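K.L.:
run_31.cif is the file, holding mmCIF, C-alpha atoms:
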```
data_structure
loop_
_atom_site.label_atom_id
_atom_site.label_comp_id
_atom_site.auth_asym_id
_atom_site.auth_seq_id
_atom_site.Cartn_x
_atom_site.Cartn_y
_atom_site.Cartn_z
CA MET A 1 -32.07 -31.73 22.61
CA THR A 2 -30.32 -30.01 19.77
CA ALA A 3 -27.97 -28.32 22.23
CA PHE A 4 -27.23 -31.66 23.88
CA VAL A 5 -26.47 -33.32 20.56
CA THR A 6 -24.21 -30.45 19.59
CA LEU A 7 -22.32 -30.56 22.86
CA ALA A 8 -22.06 -34.33 22.76
CA GLY A 9 -20.68 -34.08 19.25
CA VAL A 10 -18.06 -31.57 20.32
CA TYR A 11 -16.91 -33.40 23.42
CA SER A 12 -16.92 -36.90 21.99
CA THR A 13 -14.06 -36.29 19.52
CA PRO A 14 -12.58 -32.94 20.46
CA ASP A 15 -8.98 -33.42 19.36
CA PHE A 16 -9.22 -35.36 16.12
CA GLY A 17 -12.18 -33.38 14.81
CA GLY A 18 -10.56 -30.07 15.75
CA GLU A 19 -7.20 -30.95 14.18
CA ARG A 20 -8.80 -32.17 10.98
CA SER A 21 -10.89 -29.01 10.77
CA LEU A 22 -7.83 -26.82 11.37
CA ASP A 23 -5.86 -28.65 8.69
CA GLN A 24 -8.73 -28.26 6.27
CA ASP A 25 -9.03 -24.55 7.06
CA LEU A 26 -5.31 -24.12 6.55
CA MET A 27 -5.39 -25.93 3.22
CA THR A 28 -8.39 -23.91 2.04
CA THR A 29 -6.73 -20.63 3.04
CA SER A 30 -3.45 -21.70 1.44
CA ARG A 31 -5.17 -22.60 -1.82
CA ALA A 32 -7.15 -19.34 -1.88
CA LEU A 33 -4.03 -17.30 -1.15
CA ASP A 34 -2.09 -19.15 -3.84
CA GLN A 35 -4.80 -18.35 -6.38
CA PHE A 36 -5.01 -14.75 -5.27
CA LEU A 37 -1.25 -14.16 -5.32
CA SER A 38 -0.77 -15.83 -8.70
CA SER A 39 -3.59 -13.67 -10.10
CA VAL A 40 -1.93 -10.41 -9.01
CA GLU A 41 1.80 -11.15 -9.05
CA LYS A 42 2.56 -10.05 -12.64
CA ARG A 43 0.61 -6.81 -12.42
CA ALA A 44 2.06 -6.18 -8.96
CA PHE A 45 5.54 -6.64 -10.40
CA LYS A 46 4.84 -4.19 -13.24
CA ILE A 47 3.48 -1.62 -10.77
CA ALA A 48 6.58 -2.01 -8.59
CA GLN A 49 8.85 -1.94 -11.63
CA LEU A 50 7.33 1.31 -12.89
CA GLY A 51 7.57 2.84 -9.42
CA LEU A 52 11.12 1.71 -8.72
CA ARG A 53 12.54 1.41 -12.26
CA ASN A 54 14.57 -1.60 -11.21
CA ASP A 55 13.62 -5.26 -11.67
CA ASP A 56 15.38 -6.65 -8.60
CA ASP A 57 13.96 -3.98 -6.31
CA ALA A 58 10.52 -4.59 -7.82
CA LEU A 59 10.79 -8.33 -7.15
CA ASP A 60 11.88 -7.64 -3.57
CA ALA A 61 8.93 -5.29 -3.06
CA VAL A 62 6.46 -7.87 -4.39
CA GLN A 63 7.96 -10.68 -2.31
CA ASP A 64 7.90 -8.56 0.88
CA SER A 65 4.28 -7.64 0.21
CA MET A 66 3.31 -11.28 -0.32
CA MET A 67 5.05 -12.26 2.92
CA LYS A 68 3.35 -9.49 4.85
CA LEU A 69 -0.09 -10.31 3.47
CA VAL A 70 0.21 -14.00 4.35
CA GLN A 71 1.76 -13.27 7.74
CA SER A 72 -0.70 -10.63 8.91
CA TYR A 73 -3.89 -10.78 6.86
CA ALA A 74 -4.41 -14.40 5.79
CA SER A 75 -7.37 -14.67 8.16
CA ARG A 76 -9.15 -11.65 6.63
CA ALA A 77 -12.02 -12.04 4.15
CA VAL A 78 -10.88 -12.88 0.62
CA ASP A 79 -12.37 -9.63 -0.84
CA GLU A 80 -10.17 -7.60 1.48
CA TRP A 81 -6.92 -9.13 0.22
CA ARG A 82 -6.59 -7.06 -2.96
CA PRO A 83 -6.78 -3.57 -1.44
CA LEU A 84 -4.68 -4.78 1.52
CA PHE A 85 -2.03 -6.29 -0.75
CA TYR A 86 -1.79 -3.16 -2.88
CA ARG A 87 -1.64 -0.98 0.19
CA ILE A 88 1.28 -3.02 1.51
CA LEU A 89 2.94 -2.87 -1.91
CA ALA A 90 2.41 0.91 -2.19
CA ASN A 91 3.98 1.43 1.24
CA ARG A 92 6.88 -0.84 0.36
CA ILE A 93 7.52 1.00 -2.91
CA ARG A 94 7.41 4.34 -1.13
CA ASP A 95 9.86 3.13 1.56
CA MET A 96 12.26 1.86 -1.09
CA GLN A 97 12.01 5.11 -3.05
CA ARG A 98 12.84 7.10 0.08
CA ARG A 99 15.73 4.80 0.98
CA ARG A 100 17.04 5.10 -2.54
CA THR A 101 16.89 8.89 -2.37
CA VAL A 102 18.98 8.84 0.82
CA ARG A 103 21.38 6.29 -0.67
CA GLY A 104 21.64 8.40 -3.85
CA ARG A 105 22.70 11.41 -1.84
CA ILE A 106 25.41 9.39 -0.12
CA MET A 107 26.55 7.60 -3.28
CA ALA A 108 26.82 10.93 -5.13
CA TRP A 109 29.98 11.50 -3.11
CA LEU A 110 31.54 8.19 -4.14
CA PRO A 111 33.24 7.34 -7.47
CA VAL A 112 31.04 5.62 -10.10
CA ARG A 113 31.48 1.83 -10.34
CA VAL A 114 30.51 -0.01 -13.54
CA ASP A 115 28.69 -3.29 -12.82
CA GLU A 116 30.17 -6.46 -14.24
CA GLU A 117 28.31 -8.17 -17.06
CA GLU A 118 25.75 -10.71 -15.89
CA GLU A 119 26.14 -14.33 -16.91
CA PHE A 120 23.86 -15.63 -19.67
CA ASP A 121 20.74 -17.22 -18.20
CA PRO A 122 18.69 -19.28 -20.69
CA ILE A 123 15.56 -19.09 -18.50
CA ALA A 124 15.82 -15.31 -18.32
CA GLU A 125 16.15 -15.08 -22.07
CA ALA A 126 13.15 -17.31 -22.78
CA PRO A 127 10.40 -15.35 -24.61
CA SER A 128 6.86 -15.58 -23.21
CA HIS A 129 4.86 -15.49 -26.48
CA ASP A 130 5.35 -13.96 -29.90
CA PRO A 131 2.43 -12.18 -31.64
CA GLY A 132 4.32 -11.74 -34.94
CA PRO A 133 7.02 -9.27 -35.98
CA ALA A 134 4.84 -6.32 -37.11
CA LYS A 135 2.43 -6.46 -34.21
CA ARG A 136 5.30 -7.08 -31.86
CA LEU A 137 7.14 -4.00 -33.07
CA GLU A 138 4.04 -1.85 -32.67
CA LEU A 139 3.39 -3.20 -29.18
CA ASP A 140 7.03 -2.81 -28.23
CA GLU A 141 6.86 0.84 -29.14
CA ALA A 142 3.55 1.38 -27.34
CA ILE A 143 4.78 -0.40 -24.20
CA GLY A 144 8.03 1.55 -24.18
CA VAL A 145 6.36 4.93 -24.63
CA LEU A 146 3.54 4.26 -22.15
CA GLU A 147 5.82 2.83 -19.46
CA THR A 148 8.19 5.76 -19.75
CA ALA A 149 5.30 8.21 -19.45
CA VAL A 150 3.79 6.34 -16.47
CA ALA A 151 7.18 6.11 -14.74
CA GLU A 152 7.53 9.88 -15.06
CA LEU A 153 4.17 10.62 -13.40
CA PRO A 154 4.20 12.03 -9.86
CA ALA A 155 4.06 9.14 -7.35
CA ARG A 156 0.43 9.57 -6.26
CA GLN A 157 -0.85 10.00 -9.82
CA GLN A 158 1.11 6.95 -10.87
CA GLN A 159 -0.39 4.88 -8.02
CA ALA A 160 -3.92 6.03 -8.76
CA PHE A 161 -3.53 5.36 -12.48
CA LEU A 162 -2.01 1.89 -12.08
CA LEU A 163 -4.43 0.74 -9.40
CA ARG A 164 -7.50 2.02 -11.22
CA ASN A 165 -6.60 1.46 -14.85
CA PHE A 166 -4.20 -1.48 -14.74
CA GLU A 167 -5.25 -3.44 -11.66
CA GLY A 168 -8.91 -2.51 -12.07
CA LEU A 169 -9.65 -1.54 -8.47
CA ASP A 170 -12.72 0.64 -7.98
CA VAL A 171 -12.46 4.10 -6.42
CA GLY A 172 -13.16 2.83 -2.88
CA GLN A 173 -10.60 0.02 -3.09
CA THR A 174 -8.02 2.39 -4.60
CA ALA A 175 -8.63 4.88 -1.78
CA SER A 176 -8.15 2.07 0.73
CA ALA A 177 -4.95 0.90 -0.99
CA MET A 178 -3.56 4.43 -1.23
CA GLY A 179 -4.65 5.43 2.26
CA CYS A 180 -6.52 8.55 1.10
CA SER A 181 -10.05 9.73 0.39
CA GLU A 182 -12.06 8.74 -2.66
CA GLY A 183 -12.05 12.40 -3.74
CA SER A 184 -8.23 12.39 -3.77
CA VAL A 185 -8.20 9.21 -5.84
CA LYS A 186 -10.47 10.82 -8.44
CA THR A 187 -8.29 13.93 -8.57
CA HIS A 188 -5.01 11.97 -8.87
CA TYR A 189 -6.47 9.68 -11.51
CA PHE A 190 -7.90 12.55 -13.57
CA ARG A 191 -4.57 14.40 -13.48
CA ALA A 192 -2.68 11.24 -14.40
CA LEU A 193 -4.93 10.74 -17.44
CA GLU A 194 -4.46 14.35 -18.48
CA ASN A 195 -0.68 14.08 -18.17
CA LEU A 196 -0.55 10.82 -20.07
CA ARG A 197 -2.83 12.04 -22.81
CA ALA A 198 -0.67 15.12 -23.24
CA LYS A 199 2.42 12.95 -23.63
CA LEU A 200 0.94 10.05 -25.61
CA GLY A 201 -1.77 11.75 -27.63
CA GLU A 202 -0.09 11.07 -30.97
CA VAL A 203 0.92 7.48 -30.27
CA PHE A 204 -2.35 6.33 -28.68
CA MET B 1 -12.42 9.45 -26.14
CA THR B 2 -11.33 9.12 -22.52
CA GLU B 3 -12.68 5.59 -22.30
CA GLU B 4 -10.87 4.62 -25.47
CA PHE B 5 -7.64 6.02 -24.13
CA GLU B 6 -8.11 4.21 -20.81
CA LYS B 7 -8.91 0.97 -22.62
CA ARG B 8 -5.86 1.27 -24.85
CA THR B 9 -3.48 2.00 -21.97
CA HIS B 10 -4.94 -0.94 -20.03
CA GLU B 11 -4.40 -3.30 -22.97
CA VAL B 12 -0.82 -2.15 -23.47
CA LEU B 13 0.02 -2.59 -19.77
CA GLU B 14 -1.60 -6.04 -19.77
CA GLU B 15 0.47 -6.97 -22.81
CA SER B 16 3.59 -5.79 -21.03
CA ALA B 17 2.76 -7.86 -17.93
CA GLY B 18 2.17 -10.90 -20.16
CA ARG B 19 5.61 -10.54 -21.66
CA LEU B 20 7.57 -10.95 -18.45
CA ASP B 21 10.68 -13.04 -19.03
CA GLY B 22 11.21 -16.52 -17.62
CA ARG B 23 13.55 -15.39 -14.85
CA THR B 24 11.07 -12.86 -13.49
CA ARG B 25 8.15 -15.30 -13.68
CA SER B 26 10.24 -17.93 -11.92
CA ARG B 27 11.23 -15.52 -9.16
CA LEU B 28 7.62 -14.46 -8.68
CA THR B 29 6.60 -18.09 -8.27
CA GLN B 30 9.40 -18.63 -5.74
CA ALA B 31 8.30 -15.53 -3.84
CA ARG B 32 4.72 -16.80 -3.73
CA HIS B 33 5.80 -20.21 -2.45
CA ALA B 34 8.03 -18.64 0.19
CA ALA B 35 5.13 -16.49 1.39
CA LEU B 36 2.72 -19.44 1.52
CA ALA B 37 5.27 -21.57 3.41
CA GLN B 38 4.73 -19.26 6.37
CA LEU B 39 1.22 -20.65 6.80
CA ALA B 40 2.61 -24.08 7.64
CA GLN B 41 4.90 -22.71 10.34
CA PRO B 42 3.61 -22.53 13.92
CA ALA B 43 2.43 -19.10 14.99
CA ARG B 44 5.07 -17.01 16.72
CA HIS B 45 4.04 -15.09 19.79
CA TRP B 46 5.14 -11.48 19.68
CA TRP B 47 6.36 -11.56 23.27
CA ARG B 48 8.90 -14.28 22.52
CA ALA B 49 11.01 -11.75 20.67
CA TYR B 50 11.42 -9.84 23.94
CA VAL B 51 12.57 -12.82 26.08
CA PRO B 52 16.34 -12.25 25.57
CA VAL B 53 15.92 -8.52 26.27
CA GLY B 54 13.93 -9.28 29.42
CA ALA B 55 16.53 -11.76 30.63
CA ALA B 56 19.33 -9.26 30.05
CA ALA B 57 17.38 -6.57 31.92
CA ALA B 58 16.76 -8.94 34.85
CA VAL B 59 20.48 -9.77 35.06
CA ALA B 60 21.33 -6.07 34.94
CA VAL B 61 18.85 -5.26 37.74
CA LEU B 62 20.22 -8.13 39.84
CA ALA B 63 23.77 -6.92 39.30
CA VAL B 64 22.81 -3.38 40.37
CA VAL B 65 21.03 -4.69 43.49
CA ILE B 66 24.05 -6.79 44.50
CA TRP B 67 26.49 -4.00 43.74
CA SER B 68 24.49 -1.39 45.70
CA GLY B 69 24.31 -3.78 48.68
CA GLN B 70 28.13 -3.84 48.89
CA PRO B 71 29.84 -1.36 51.25
CA SER B 72 31.34 1.64 49.50
CA GLY B 73 35.04 1.37 48.57
CA ASN B 74 35.97 4.63 50.37
CA ALA B 75 34.86 3.58 53.86
CA PRO B 76 37.60 1.98 56.02
CA THR B 77 36.63 -1.56 56.85
CA LEU B 78 38.17 -4.53 58.56
CA ALA B 79 38.66 -7.42 56.23
CA VAL B 80 37.19 -9.88 58.70
CA SER B 81 34.29 -12.01 57.65
CA PRO B 82 31.96 -13.98 59.93
CA VAL B 83 33.69 -17.13 58.69
CA ASP B 84 37.00 -15.85 60.09
CA ASP B 85 35.30 -15.25 63.46
CA LEU B 86 34.09 -18.84 63.48
CA GLU B 87 37.59 -20.11 62.79
CA LEU B 88 38.93 -17.97 65.59
CA LEU B 89 36.38 -19.32 68.02
CA ALA B 90 37.09 -22.85 66.95
CA ASP B 91 40.86 -22.38 67.22
CA ALA B 92 42.06 -24.13 70.39
CA GLU B 93 45.28 -22.08 70.72
CA ALA B 94 43.41 -18.81 70.53
CA GLN B 95 41.04 -20.08 73.19
CA ASP B 96 44.06 -20.76 75.42
CA PHE B 97 45.03 -17.08 75.23
CA VAL B 98 41.59 -16.04 76.30
CA ASP B 99 41.45 -18.65 79.08
CA ASP B 100 44.85 -17.68 80.46
CA GLY B 101 43.80 -14.06 80.67
CA GLU B 102 47.44 -13.07 81.05
CA ASP B 103 47.84 -10.68 78.18
CA LEU B 104 44.18 -9.96 77.62
CA GLU B 105 44.67 -6.25 78.15
CA PHE B 106 47.48 -6.29 75.60
CA TYR B 107 45.22 -7.89 73.00
CA GLU B 108 42.45 -5.38 73.70
CA TRP B 109 44.95 -2.55 73.23
CA ALA B 110 46.29 -4.12 70.01
CA ALA B 111 42.75 -4.50 68.63
CA GLY B 112 42.05 -0.84 69.44
CA GLU B 113 45.22 0.24 67.60
CA THR B 114 44.21 -1.73 64.48
CA GLU B 115 40.77 -0.10 64.36
CA THR B 116 42.21 3.42 64.58
#
```
Reformat the file's structure so that it appears as structure tokens.
P.N.:
Amino acid sequence: MTAFVTLAGVYSTPDFGGERSLDQDLMTTSRALDQFLSSVEKRAFKIAQLGLRNDDDALDAVQDSMMKLVQSYASRAVDEWRPLFYRILANRIRDMQRRRTVRGRIMAWLPVRVDEEEEFDPIAEAPSHDPGPAKRLELDEAIGVLETAVAELPARQQQAFLLRNFEGLDVGQTASAMGCSEGSVKTHYFRALENLRAKLGEVF
Amino acid sequence: MTEEFEKRTHEVLEESAGRLDGRTRSRLTQARHAALAQLAQPARHWWRAYVPVGAAAAVAVLAVVIWSGQPSGNAPTLAVSPVDDLELLADAEAQDFVDDGEDLEFYEWAAGETET
């Protein structure tokens, strides 16, 4: 009887029910993805910025990673999105670094061109929040020193450090994002901490 | 000691991420919206990308088949098509020559000369 009722329910309104359900699924997925992407986008940008040392390239890397995640993995379980997203981002950063190395070799043969000054953009100049001059100065210094030290880390150590310390992924998720074993993650992270502590010991 | 250091570096990086300028935040929002807009688009089948390539390959194969069916350019051939034969048969004057049978041997000899 239950089976009959179920089948009757399915066949009585197959199109409208199905369409409404699909639309609802799409909206739910869209909302969940929006929340997920807005929760990671700033940290993802910083990770890309430290890896690429260029804001525009970092924005491109984040946008490409968002597109790829939505295009290929939207149907995956929500818990899988973070390691997947950071894996895509890590691959994208690595590709861009390689491309830049090749481009650098070619450009080394060409004369240096000075970029023209950018136009003033009031939105770009808008400050986010101000914690006060003294605190701000201290933080400015700490951010500058730390980011320089992180940017100078070897690529794998930098990835492990940023994914574990900054993004807060656990060892398993970091290994999944980096495409290596958990043992390698621990080694890279430990070495990154040692390097950073050696460079920042006095400041931090 | 290590935990303190890790905590401090985490806080500093979080502070840095919170200080992103308006332009960067705006571009991140645009990027997110562009990515989510893909969900509303109908799914693309992977094989559709290969349709133009497949069509071009089919045309190329057809061209090769037609070309290889043609007689080679080096072989001597008579430029007479079946359509010409039909016209000849339908031509009343030509039929008269055949019917008369007067110079039939001459025509046979002339045809033989053309072939050699």
K.L.:
For a quick check of understanding, using all atoms listed in the file, which of A:Ala134, A:Leu22, A:Ile47, A:Ala149 has the smallest distance to Arg94 in chain A?
P.N.:
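Among A:Ala134, A:Leu22, A:Ile47, A:Ala149, it is A:Ile47 that comes nearest to Arg94 in chain A.
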K.L.:
Per residue of chain B within 12 Å of chain A, note the shortest atom pair and the distance in Å to one decimal, counting only C-alpha atoms, and order the rows by chain and increasing residue number, as CSV.
P.N.:
```
residue,atom,partner,partner_atom,distance
B:Met1,CA,A:Arg197,CA,10.5
B:Thr2,CA,A:Leu193,CA,8.3
B:Glu3,CA,A:Asn165,CA,10.5
B:Glu4,CA,A:Phe204,CA,9.3
B:Phe5,CA,A:Phe204,CA,7.0
B:Glu6,CA,A:Asn165,CA,6.7
B:Lys7,CA,A:Asn165,CA,8.1
B:Arg8,CA,A:Phe204,CA,7.3
B:Thr9,CA,A:Leu146,CA,7.4
B:His10,CA,A:Phe166,CA,5.4
B:Glu11,CA,A:Phe166,CA,8.4
B:Val12,CA,A:Ile143,CA,5.9
B:Leu13,CA,A:Phe166,CA,6.7
B:Glu14,CA,A:Phe166,CA,7.3
B:Glu15,CA,A:Leu139,CA,8.0
B:Ser16,CA,A:Ile143,CA,6.4
B:Ala17,CA,A:Lys42,CA,5.7
B:Gly18,CA,A:Ser128,CA,7.3
B:Arg19,CA,A:Ser128,CA,5.4
B:Leu20,CA,A:Ser128,CA,6.7
B:Asp21,CA,A:Ala124,CA,5.7
B:Gly22,CA,A:Ala124,CA,4.8
B:Arg23,CA,A:Ala124,CA,4.1
B:Thr24,CA,A:Ala124,CA,7.2
B:Arg25,CA,A:Lys42,CA,7.7
B:Ser26,CA,A:Ile123,CA,8.5
B:Arg27,CA,A:Leu59,CA,7.5
B:Leu28,CA,A:Glu41,CA,6.7
B:Thr29,CA,A:Ser38,CA,7.7
B:Gln30,CA,A:Gln63,CA,8.8
B:Ala31,CA,A:Gln63,CA,5.1
B:Arg32,CA,A:Met66,CA,6.6
B:His33,CA,A:Asp34,CA,8.1
B:Ala34,CA,A:Met67,CA,7.6
B:Ala35,CA,A:Met67,CA,4.5
B:Leu36,CA,A:Ser30,CA,6.6
B:Ala37,CA,A:Ser30,CA,8.9
B:Gln38,CA,A:Gln71,CA,6.8
B:Leu39,CA,A:Val70,CA,7.2
B:Ala40,CA,A:Leu26,CA,8.0
B:Gln41,CA,A:Gln71,CA,10.3
B:Pro42,CA,A:Gln71,CA,11.3
B:Ala43,CA,A:Gln71,CA,9.3
B:Arg44,CA,A:Gln71,CA,10.3
```
K.L.:
Quick one: residues within 10 Å of (-1.6, 5.3, -10.7) (file frame), counting all atoms listed in the file, please, as a ChimeraX atom specification.
P.N.:
/A:47,51,150-151,153-167,174,178,185,188-189,191-193
K.L.:
Kindly save the residues from that selection, with C-alpha atoms included, as an mmCIF file, keeping the file's coordinate frame.
P.N.:
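Just written: out14.cif:
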```
data_model
loop_
_atom_site.group_PDB
_atom_site.id
_atom_site.type_symbol
_atom_site.label_atom_id
_atom_site.label_comp_id
_atom_site.auth_asym_id
_atom_site.auth_seq_id
_atom_site.Cartn_x
_atom_site.Cartn_y
_atom_site.Cartn_z
ATOM 1 C CA ILE A 47 3.480 -1.620 -10.770
ATOM 2 C CA GLY A 51 7.570 2.840 -9.420
ATOM 3 C CA VAL A 150 3.790 6.340 -16.470
ATOM 4 C CA ALA A 151 7.180 6.110 -14.740
ATOM 5 C CA LEU A 153 4.170 10.620 -13.400
ATOM 6 C CA PRO A 154 4.200 12.030 -9.860
ATOM 7 C CA ALA A 155 4.060 9.140 -7.350
ATOM 8 C CA ARG A 156 0.430 9.570 -6.260
ATOM 9 C CA GLN A 157 -0.850 10.000 -9.820
ATOM 10 C CA GLN A 158 1.110 6.950 -10.870
ATOM 11 C CA GLN A 159 -0.390 4.880 -8.020
ATOM 12 C CA ALA A 160 -3.920 6.030 -8.760
ATOM 13 C CA PHE A 161 -3.530 5.360 -12.480
ATOM 14 C CA LEU A 162 -2.010 1.890 -12.080
ATOM 15 C CA LEU A 163 -4.430 0.740 -9.400
ATOM 16 C CA ARG A 164 -7.500 2.020 -11.220
ATOM 17 C CA ASN A 165 -6.600 1.460 -14.850
ATOM 18 C CA PHE A 166 -4.200 -1.480 -14.740
ATOM 19 C CA GLU A 167 -5.250 -3.440 -11.660
ATOM 20 C CA THR A 174 -8.020 2.390 -4.600
ATOM 21 C CA MET A 178 -3.560 4.430 -1.230
ATOM 22 C CA VAL A 185 -8.200 9.210 -5.840
ATOM 23 C CA HIS A 188 -5.010 11.970 -8.870
ATOM 24 C CA TYR A 189 -6.470 9.680 -11.510
ATOM 25 C CA ARG A 191 -4.570 14.400 -13.480
ATOM 26 C CA ALA A 192 -2.680 11.240 -14.400
ATOM 27 C CA LEU A 193 -4.930 10.740 -17.440
#
```
K.L.:
Record the distance separating CA of Gly172 in chain A and CA of Gln49 in chain A, expressed in Å with one decimal.
P.N.:
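For CA of Gly172 in chain A relative to CA of Gln49 in chain A, the distance reads 24.2 Å.
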K.L.:
At what distance in Å, to one decimal, does CA of Val171 in chain A lie from CA of Phe85 in chain A?
P.N.:
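One can read the CA of Phe85 in chain A to CA of Val171 in chain A distance as 15.8 Å.
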K.L.:
For CA of Ala32 in chain A and CA of Leu50 in chain A, quote the distance in Å rounded to one decimal.
P.N.:
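Value for the CA of Ala32 in chain A-CA of Leu50 in chain A distance: 27.5 Å.
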K.L.:
Just need the box for range 21-24 of chain B, edges along x, y and z, holding every atom the file lists for it with 3 Å tacked onto each side, so centre and edge lengths in Å to one decimal, as JSON.
P.N.:
```
{"center_x": 12.1, "center_y": -14.7, "center_z": -16.3, "size_x": 8.9, "size_y": 9.7, "size_z": 11.5}
```
